[in-house]
Amino acid sequence: MDSQTASTWALIAEKGSLALTTNTLSGTISSFAIAPKAGTLTLIQSAAASIQAPDGSTLYPSDMALSSEGRFLYVRNGANGTVSAFVIQTNSLKPLTQTQVSSLPDTAAGIAAR
C-alpha cells in the first residue's frame, strides 16, 4: 500500500483519525487517515518520518507508544538501543531535537509511555 518494508507496529492517534505504522527495514513511519464511519485507511505519507543515524543508515524503528494526552510519539529503535520522540501534528510528525534517549539494553523489546 505504501511501498515501505517490514511494517512491524501500528497505533491509532489523534482521537481515532490517524494511524501510524513503523517500517523497520525502510527506517520510516507511515501515516494514514482513518475514515470515521467506515474505518477505512487512506495513505497520507508513506514516510511521515525517517529515523536514521547521522551517517544515513536506518535505526530500524520497531515499537511505538503515545504519551497519555496523545501529543507525543515515542519510537524504540532496534539498531542502537535508542528512543526517538516526535510531536504529532495534523497529518505529520515533527521530530523533537535533542531527545534521542540511548543506552537501552540489547534485549529491550517493546515500549510504553505515559
# chains A, B, ... in the order shown; residues from 1 in each chain; ligands from 1
$ residues_around --residues "A:Ile34" --least-positions-apart "4" --cutoff "8 Å" --atoms "only C-alpha atoms" --output "PyMOL selection string"
chain A and resi 16-19+39-42
$ select_by_dssp --residues "chain A" --states "strand (DSSP E or B)" --output "count of residues only"
57
$ atom_distance --atom1 "atom CA of A:Leu66" --atom2 "atom CA of A:Ser3"
24.6 Å
$ residues_around --residues "A:Ser67" --least-positions-apart "5" --cutoff "10 Å" --atoms "only C-alpha atoms" --output "number ranges by chain"
A: 72-74, 87, 112-114
$ write_last_selection --atoms "N, CA and C atoms" --output "tab-separated table (two decimals), in the first residue's frame"
chain	number	residue	atom	x	y	z
A	72	PHE	N	2.58	13.30	21.93
A	72	PHE	CA	3.94	12.88	21.63
A	72	PHE	C	3.98	11.40	21.25
A	73	LEU	N	4.84	11.09	20.29
A	73	LEU	CA	5.06	9.72	19.84
A	73	LEU	C	6.48	9.33	20.19
A	74	TYR	N	6.65	8.16	20.78
A	74	TYR	CA	7.96	7.64	21.13
A	74	TYR	C	8.19	6.35	20.34
A	87	VAL	N	6.52	15.15	17.92
A	87	VAL	CA	5.26	15.81	18.22
A	87	VAL	C	4.32	15.43	17.09
A	112	ALA	N	6.63	1.56	26.31
A	112	ALA	CA	5.42	2.05	26.95
A	112	ALA	C	5.62	3.52	27.26
A	113	ALA	N	4.56	4.30	27.22
A	113	ALA	CA	4.65	5.73	27.52
A	113	ALA	C	3.49	6.10	28.42
A	114	ARG	N	3.63	7.21	29.05
A	114	ARG	CA	2.57	7.70	29.92
A	114	ARG	C	2.37	9.16	29.69
$ residues_around --residues "A:Ser57" --least-positions-apart "5" --cutoff "9 Å" --atoms "only C-alpha atoms" --output "list in words"
Gly27, Ile51 and Gln52 of chain A
$ residues_around --residues "A:Ile44" --least-positions-apart "4" --cutoff "12 Å" --atoms "only C-alpha atoms" --output "list in words"
Met1, Asp2, Ser17, Leu18, Ala19, Leu20, Thr21, Ile29, Ser30, Ser31, Phe32, Ala33, Ile34, Ala48, Ala49, Thr90, Asn91, Ser92 and Leu93 of chain A
$ residues_around --residues "A:Pro95" --least-positions-apart "4" --cutoff "9 Å" --atoms "only C-alpha atoms" --output "list of chain:residue names"
A:Ala49, A:Ser84, A:Ala85, A:Phe86, A:Val87, A:Ile88, A:Thr99
$ write_last_selection --atoms "C-alpha atoms" --output "PDB file, in the first residue's frame"
ATOM      1  CA  ALA A  49       9.188  10.445   9.424  1.00  0.00           C
ATOM      2  CA  SER A  84      13.230   8.854  19.176  1.00  0.00           C
ATOM      3  CA  ALA A  85      10.484  11.356  20.030  1.00  0.00           C
ATOM      4  CA  PHE A  86       8.050  13.269  17.819  1.00  0.00           C
ATOM      5  CA  VAL A  87       5.262  15.812  18.219  1.00  0.00           C
ATOM      6  CA  ILE A  88       2.121  14.640  16.436  1.00  0.00           C
ATOM      7  CA  THR A  99      15.545  13.888  22.575  1.00  0.00           C
TER       8      THR A  99
END
$ atom_distance --atom1 "atom CA of A:Pro61" --atom2 "atom CA of A:Ala10"
11.7 Å
$ residues_around --residues "A:Ile111" --least-positions-apart "5" --cutoff "10 Å" --atoms "only C-alpha atoms" --output "list in words"
Ser62, Asp63, Met64, Ala65, Leu66, Tyr74, Val75, Arg76 and Val83 of chain A
